[in-house]
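Below is structure_35.csv, which holds CSV, N, CA and C atoms.
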chain,number,residue,atom,x,y,z
A,1,MET,N,2.2,13.6,-23.6
A,1,MET,CA,2.9,14.6,-24.3
A,1,MET,C,3.3,14.2,-25.7
A,2,ALA,N,3.6,12.9,-25.9
A,2,ALA,CA,4.1,12.4,-27.2
A,2,ALA,C,2.9,12.5,-28.3
A,3,LYS,N,1.7,12.4,-27.8
A,3,LYS,CA,0.6,12.4,-28.7
A,3,LYS,C,0.4,13.8,-29.4
A,4,LYS,N,0.8,14.8,-28.7
A,4,LYS,CA,0.7,16.2,-29.3
A,4,LYS,C,1.8,16.4,-30.4
A,5,ARG,N,2.9,15.8,-30.2
A,5,ARG,CA,4.0,16.0,-31.2
A,5,ARG,C,3.7,15.3,-32.5
A,6,LYS,N,2.9,14.2,-32.5
A,6,LYS,CA,2.6,13.5,-33.8
A,6,LYS,C,1.6,14.3,-34.5
A,7,ALA,N,1.9,14.7,-35.8
A,7,ALA,CA,1.0,15.5,-36.6
A,7,ALA,C,-0.2,14.8,-37.0
A,8,ARG,N,-1.4,15.5,-36.9
A,8,ARG,CA,-2.7,14.9,-37.2
A,8,ARG,C,-3.4,15.8,-38.2
A,9,GLU,N,-4.3,15.3,-39.0
A,9,GLU,CA,-5.1,16.1,-39.9
A,9,GLU,C,-6.2,16.7,-39.2
A,10,PRO,N,-6.5,18.0,-39.6
A,10,PRO,CA,-7.7,18.7,-38.9
A,10,PRO,C,-9.0,18.0,-39.3
A,11,VAL,N,-10.0,18.3,-38.5
A,11,VAL,CA,-11.4,17.8,-38.8
A,11,VAL,C,-12.1,18.8,-39.5
A,12,ALA,N,-12.7,18.4,-40.7
A,12,ALA,CA,-13.4,19.4,-41.5
A,12,ALA,C,-14.9,19.3,-41.2
A,13,LYS,N,-15.6,20.4,-41.1
A,13,LYS,CA,-17.0,20.5,-40.9
A,13,LYS,C,-17.6,21.6,-41.8
A,14,ILE,N,-18.7,21.3,-42.4
A,14,ILE,CA,-19.4,22.3,-43.2
A,14,ILE,C,-20.4,23.1,-42.4
A,15,ARG,N,-20.3,24.4,-42.4
A,15,ARG,CA,-21.3,25.2,-41.7
A,15,ARG,C,-21.8,26.3,-42.5
A,16,THR,N,-22.9,26.9,-42.1
A,16,THR,CA,-23.5,28.0,-42.8
A,16,THR,C,-23.6,29.2,-41.9
A,17,TYR,N,-23.5,30.4,-42.5
A,17,TYR,CA,-23.6,31.7,-41.8
A,17,TYR,C,-24.1,32.7,-42.7
A,18,LEU,N,-24.5,33.9,-42.1
A,18,LEU,CA,-25.0,35.0,-42.9
A,18,LEU,C,-23.9,35.9,-43.2
A,19,LYS,N,-23.5,36.0,-44.4
A,19,LYS,CA,-22.4,36.9,-44.9
A,19,LYS,C,-23.0,38.3,-45.2
A,20,TYR,N,-22.5,39.3,-44.7
A,20,TYR,CA,-23.0,40.7,-44.9
A,20,TYR,C,-24.4,40.9,-44.3
A,21,GLY,N,-24.9,39.9,-43.6
A,21,GLY,CA,-26.2,40.1,-43.0
A,21,GLY,C,-27.4,39.7,-43.9
A,22,PHE,N,-27.1,39.3,-45.1
A,22,PHE,CA,-28.2,38.9,-46.0
A,22,PHE,C,-27.9,37.7,-46.9
A,23,ALA,N,-26.7,37.3,-47.1
A,23,ALA,CA,-26.4,36.2,-48.0
A,23,ALA,C,-26.0,34.9,-47.2
A,24,ASN,N,-26.9,33.8,-47.3
A,24,ASN,CA,-26.6,32.6,-46.7
A,24,ASN,C,-25.4,31.9,-47.4
A,25,THR,N,-24.3,31.7,-46.7
A,25,THR,CA,-23.1,31.2,-47.2
A,25,THR,C,-22.7,29.9,-46.6
A,26,ARG,N,-22.2,28.9,-47.4
A,26,ARG,CA,-21.7,27.6,-46.9
A,26,ARG,C,-20.2,27.6,-47.0
A,27,ILE,N,-19.5,27.3,-45.9
A,27,ILE,CA,-18.1,27.2,-45.9
A,27,ILE,C,-17.6,25.9,-45.2
A,28,GLU,N,-16.4,25.5,-45.5
A,28,GLU,CA,-15.8,24.4,-44.8
A,28,GLU,C,-14.8,24.9,-43.8
A,29,SER,N,-15.0,24.6,-42.5
A,29,SER,CA,-14.2,25.0,-41.4
A,29,SER,C,-13.3,23.9,-40.9
A,30,TYR,N,-12.2,24.2,-40.4
A,30,TYR,CA,-11.3,23.1,-39.9
A,30,TYR,C,-11.1,23.3,-38.4
A,31,TYR,N,-11.2,22.1,-37.7
A,31,TYR,CA,-11.1,22.1,-36.3
A,31,TYR,C,-9.9,21.2,-35.8
A,32,CYS,N,-9.4,21.5,-34.6
A,32,CYS,CA,-8.3,20.7,-34.0
A,32,CYS,C,-8.8,19.3,-33.8
A,33,PRO,N,-8.1,18.2,-34.2
A,33,PRO,CA,-8.5,16.8,-34.0
A,33,PRO,C,-8.5,16.4,-32.5
A,34,ARG,N,-7.9,17.2,-31.7
A,34,ARG,CA,-7.8,16.8,-30.2
A,34,ARG,C,-8.8,17.5,-29.4
A,35,CYS,N,-8.9,18.9,-29.5
A,35,CYS,CA,-9.8,19.6,-28.6
A,35,CYS,C,-11.0,20.2,-29.3
A,36,ARG,N,-11.1,20.0,-30.6
A,36,ARG,CA,-12.2,20.5,-31.5
A,36,ARG,C,-12.3,22.1,-31.5
A,37,HIS,N,-11.2,22.8,-31.2
A,37,HIS,CA,-11.2,24.2,-31.3
A,37,HIS,C,-11.1,24.6,-32.8
A,38,LEU,N,-11.8,25.7,-33.2
A,38,LEU,CA,-11.8,26.2,-34.5
A,38,LEU,C,-10.4,26.7,-34.8
A,39,LEU,N,-9.8,26.2,-35.9
A,39,LEU,CA,-8.4,26.7,-36.3
A,39,LEU,C,-8.6,27.9,-37.3
A,40,ASN,N,-7.9,28.9,-37.1
A,40,ASN,CA,-7.9,30.1,-38.0
A,40,ASN,C,-7.1,29.8,-39.2
A,41,ALA,N,-7.6,28.9,-40.1
A,41,ALA,CA,-6.8,28.4,-41.3
A,41,ALA,C,-7.5,28.8,-42.6
A,42,GLY,N,-6.7,29.0,-43.6
A,42,GLY,CA,-7.2,29.3,-44.9
A,42,GLY,C,-6.2,28.9,-46.0
A,43,PRO,N,-6.4,29.2,-47.2
A,43,PRO,CA,-5.5,28.8,-48.3
A,43,PRO,C,-4.2,29.6,-48.1
A,44,ASP,N,-4.2,30.7,-47.5
A,44,ASP,CA,-3.0,31.5,-47.4
A,44,ASP,C,-2.3,31.3,-46.0
A,45,TYR,N,-2.9,30.7,-45.1
A,45,TYR,CA,-2.3,30.5,-43.8
A,45,TYR,C,-2.8,29.2,-43.1
A,46,GLN,N,-1.9,28.4,-42.8
A,46,GLN,CA,-2.2,27.1,-42.1
A,46,GLN,C,-1.3,27.0,-40.9
A,47,PRO,N,-1.9,27.1,-39.7
A,47,PRO,CA,-1.1,27.0,-38.5
A,47,PRO,C,-0.5,25.6,-38.3
A,48,ARG,N,0.7,25.5,-37.7
A,48,ARG,CA,1.4,24.3,-37.5
A,48,ARG,C,0.9,23.6,-36.2
A,49,TYR,N,0.4,24.4,-35.2
A,49,TYR,CA,-0.1,23.9,-34.0
A,49,TYR,C,-1.4,24.5,-33.6
A,50,CYS,N,-2.2,23.8,-32.8
A,50,CYS,CA,-3.5,24.4,-32.3
A,50,CYS,C,-3.1,25.4,-31.2
A,51,ASP,N,-3.7,26.6,-31.2
A,51,ASP,CA,-3.3,27.6,-30.2
A,51,ASP,C,-4.0,27.3,-28.9
A,52,GLN,N,-4.9,26.4,-28.7
A,52,GLN,CA,-5.5,26.0,-27.5
A,52,GLN,C,-4.8,24.9,-26.7
A,53,CYS,N,-4.5,23.8,-27.4
A,53,CYS,CA,-4.0,22.6,-26.8
A,53,CYS,C,-2.6,22.2,-27.2
A,54,GLY,N,-2.1,22.8,-28.3
A,54,GLY,CA,-0.7,22.6,-28.7
A,54,GLY,C,-0.6,21.4,-29.6
A,55,GLN,N,-1.7,20.8,-30.1
A,55,GLN,CA,-1.6,19.6,-31.0
A,55,GLN,C,-1.0,20.1,-32.3
A,56,ARG,N,-0.1,19.3,-32.9
A,56,ARG,CA,0.5,19.6,-34.2
A,56,ARG,C,-0.5,19.2,-35.2
A,57,VAL,N,-0.7,20.1,-36.2
A,57,VAL,CA,-1.7,19.9,-37.3
A,57,VAL,C,-1.0,20.0,-38.6
A,58,VAL,N,-1.4,19.1,-39.6
A,58,VAL,CA,-0.9,19.1,-40.9
A,58,VAL,C,-2.0,19.3,-41.9
A,59,PHE,N,-1.8,20.2,-42.8
A,59,PHE,CA,-2.9,20.5,-43.9
A,59,PHE,C,-2.5,20.0,-45.2
A,60,ASP,N,-1.6,18.9,-45.3
A,60,ASP,CA,-1.1,18.5,-46.6
A,60,ASP,C,-2.2,17.9,-47.5
A,61,LYS,N,-3.2,17.2,-47.0
A,61,LYS,CA,-4.2,16.6,-47.9
A,61,LYS,C,-5.5,17.4,-48.0
A,62,VAL,N,-5.5,18.6,-47.5
A,62,VAL,CA,-6.7,19.5,-47.5
A,62,VAL,C,-6.7,20.2,-48.9
A,63,ILE,N,-7.9,20.1,-49.5
A,63,ILE,CA,-8.2,20.8,-50.7
A,63,ILE,C,-9.1,22.0,-50.4
A,64,TRP,N,-8.6,23.2,-50.6
A,64,TRP,CA,-9.3,24.4,-50.1
A,64,TRP,C,-10.4,24.7,-51.1
A,65,LYS,N,-11.6,25.0,-50.6
A,65,LYS,CA,-12.8,25.4,-51.4
A,65,LYS,C,-13.2,26.8,-51.1
A,66,GLU,N,-13.7,27.4,-52.1
A,66,GLU,CA,-14.3,28.8,-52.0
A,66,GLU,C,-15.6,28.8,-51.3
A,67,PRO,N,-15.9,29.8,-50.5
A,67,PRO,CA,-17.3,29.9,-49.9
A,67,PRO,C,-18.3,29.9,-50.9
A,68,GLU,N,-19.4,29.2,-50.7
A,68,GLU,CA,-20.5,29.0,-51.7
A,68,GLU,C,-21.8,29.8,-51.2
A,69,THR,N,-22.3,30.7,-52.0
A,69,THR,CA,-23.5,31.4,-51.6
A,69,THR,C,-24.7,30.5,-51.9
A,70,ILE,N,-25.5,30.2,-50.9
A,70,ILE,CA,-26.6,29.3,-51.1
A,70,ILE,C,-27.9,30.1,-51.5
A,71,GLY,N,-28.1,31.2,-50.9
A,71,GLY,CA,-29.3,32.0,-51.2
A,71,GLY,C,-29.2,33.3,-50.4
A,72,TYR,N,-30.3,34.1,-50.5
A,72,TYR,CA,-30.4,35.4,-49.8
A,72,TYR,C,-31.6,35.4,-48.9
A,73,VAL,N,-31.5,36.2,-47.8
A,73,VAL,CA,-32.5,36.3,-46.9
A,73,VAL,C,-33.4,37.5,-47.3
A,74,GLU,N,-34.7,37.3,-47.2
A,74,GLU,CA,-35.7,38.3,-47.6
A,74,GLU,C,-35.6,39.5,-46.6
A,75,ARG,N,-35.8,40.7,-47.1
A,75,ARG,CA,-35.7,41.9,-46.3
A,75,ARG,C,-36.9,41.9,-45.4
A,76,ARG,N,-36.7,42.3,-44.1
A,76,ARG,CA,-37.7,42.4,-43.1
A,76,ARG,C,-38.0,43.8,-42.8
A,77,TYR,N,-39.2,44.2,-42.8
A,77,TYR,CA,-39.6,45.6,-42.5
A,77,TYR,C,-40.1,45.6,-41.1
A,78,ARG,N,-39.7,46.7,-40.4
A,78,ARG,CA,-40.2,46.9,-39.1
A,78,ARG,C,-41.5,47.7,-39.1
A,79,VAL,N,-42.5,47.3,-38.3
A,79,VAL,CA,-43.8,48.0,-38.3
A,79,VAL,C,-43.9,48.9,-37.1

Could you write out this structure as structure tokens?
Amino acid sequence: MAKKRKAREPVAKIRTYLKYGFANTRIESYYCPRCRHLLNAGPDYQPRYCDQCGQRVVFDKVIWKEPETIGYVERRYRV
């Protein structure tokens, strides 16, 4: 129980996804250091605790980055 009370920094991972269905976008996501659950965090909202395991999380040293558009997917035509 004491390990959950000690604040830990979140784990940052870079991932890509299709934004609006056609733009490849690279973002940096933050995960709980204990259970690796995705934290719903951003520059305007940083949770104090993980909603899955209750681990205390601190975002003091996190530098927020804007999502980066890598490229676009070609349009596919159905035949």

Inset, instruction - Name all residues at most 10 Å from A:Cys50 (count only C-alpha atoms; drop same-chain ones fewer than 3 positions away) and give them as a list in words. - result: Lys4, Pro10, Tyr31, Cys32, Pro33, Arg34, Cys35, Arg36, His37, Leu38, Leu39, Asn40, Pro47, Cys53, Gly54, Gln55, Arg56 and Val57 of chain A

Inset, instruction - Can you work out which one of A:Tyr77, A:Trp64, A:Tyr72, A:Tyr49 has the shortest atom-to-atom distance to A:Asn24, counting only N, CA and C atoms? - result: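 Checking each candidate against A:Asn24, we get A:Tyr72 as the closest.
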
Inset, instruction - One decimal, Å: what's the distance from atom CA of A:Gly21 over to atom N of A:Gln46, could you say? - result: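 Computing the Euclidean distance for atom CA of A:Gly21 and atom N of A:Gln46 yields 27.0 Å.
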
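All residues that come within 6 Å of the coordinates (-18.3, 20.7, -43.3), counting all atoms listed in the file, are given as Ala12, Lys13, Ile14, Arg15, Ile27, Glu28 and Ser29 of chain A.
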
Point (-20.6, 28.1, -54.4) neighbourhood (9 Å, only C-alpha atoms) written as an mmCIF file with N, CA and C atoms, in the frame of the given file:
data_model
loop_
_atom_site.group_PDB
_atom_site.id
_atom_site.type_symbol
_atom_site.label_atom_id
_atom_site.label_comp_id
_atom_site.auth_asym_id
_atom_site.auth_seq_id
_atom_site.Cartn_x
_atom_site.Cartn_y
_atom_site.Cartn_z
ATOM 1 N N THR A 25 -24.300 31.700 -46.700
ATOM 2 C CA THR A 25 -23.100 31.200 -47.200
ATOM 3 C C THR A 25 -22.700 29.900 -46.600
ATOM 4 N N ARG A 26 -22.200 28.900 -47.400
ATOM 5 C CA ARG A 26 -21.700 27.600 -46.900
ATOM 6 C C ARG A 26 -20.200 27.600 -47.000
ATOM 7 N N ILE A 27 -19.500 27.300 -45.900
ATOM 8 C CA ILE A 27 -18.100 27.200 -45.900
ATOM 9 C C ILE A 27 -17.600 25.900 -45.200
ATOM 10 N N LYS A 65 -11.600 25.000 -50.600
ATOM 11 C CA LYS A 65 -12.800 25.400 -51.400
ATOM 12 C C LYS A 65 -13.200 26.800 -51.100
ATOM 13 N N GLU A 66 -13.700 27.400 -52.100
ATOM 14 C CA GLU A 66 -14.300 28.800 -52.000
ATOM 15 C C GLU A 66 -15.600 28.800 -51.300
ATOM 16 N N PRO A 67 -15.900 29.800 -50.500
ATOM 17 C CA PRO A 67 -17.300 29.900 -49.900
ATOM 18 C C PRO A 67 -18.300 29.900 -50.900
ATOM 19 N N GLU A 68 -19.400 29.200 -50.700
ATOM 20 C CA GLU A 68 -20.500 29.000 -51.700
ATOM 21 C C GLU A 68 -21.800 29.800 -51.200
ATOM 22 N N THR A 69 -22.300 30.700 -52.000
ATOM 23 C CA THR A 69 -23.500 31.400 -51.600
ATOM 24 C C THR A 69 -24.700 30.500 -51.900
ATOM 25 N N ILE A 70 -25.500 30.200 -50.900
ATOM 26 C CA ILE A 70 -26.600 29.300 -51.100
ATOM 27 C C ILE A 70 -27.900 30.100 -51.500
#

Legend entry - DSSP strand (DSSP E or B) selection over chain A, as an MDAnalysis selection string: chainID A and resid 8 11:19 23:31 38 49 56:57 68:72

Legend entry - Atom pair atom N of A:Ala7 / atom C of A:Tyr30: separation (Å): 15.8 Å

Inset, instruction - Could you tell me how far atom CA of A:Val73 lies from atom CA of A:Leu18, in Å and to one decimal? - result: 8.6 Å

Legend entry - Residue nearest A:Arg75 among A:Lys61, A:Phe22, A:Arg8, A:Arg48 (counting all atoms listed in the file): A:Phe22

Just asking: which residues within chain A are helix (DSSP H, G or I) according to DSSP, as an mmCIF file with N, CA and C atoms, keeping the file's coordinate frame?
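And here's selection25.cif as it stands now:
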data_model
loop_
_atom_site.group_PDB
_atom_site.id
_atom_site.type_symbol
_atom_site.label_atom_id
_atom_site.label_comp_id
_atom_site.auth_asym_id
_atom_site.auth_seq_id
_atom_site.Cartn_x
_atom_site.Cartn_y
_atom_site.Cartn_z
ATOM 1 N N ALA A 2 3.600 12.900 -25.900
ATOM 2 C CA ALA A 2 4.100 12.400 -27.200
ATOM 3 C C ALA A 2 2.900 12.500 -28.300
ATOM 4 N N LYS A 3 1.700 12.400 -27.800
ATOM 5 C CA LYS A 3 0.600 12.400 -28.700
ATOM 6 C C LYS A 3 0.400 13.800 -29.400
ATOM 7 N N LYS A 4 0.800 14.800 -28.700
ATOM 8 C CA LYS A 4 0.700 16.200 -29.300
ATOM 9 C C LYS A 4 1.800 16.400 -30.400
ATOM 10 N N ARG A 5 2.900 15.800 -30.200
ATOM 11 C CA ARG A 5 4.000 16.000 -31.200
ATOM 12 C C ARG A 5 3.700 15.300 -32.500
#
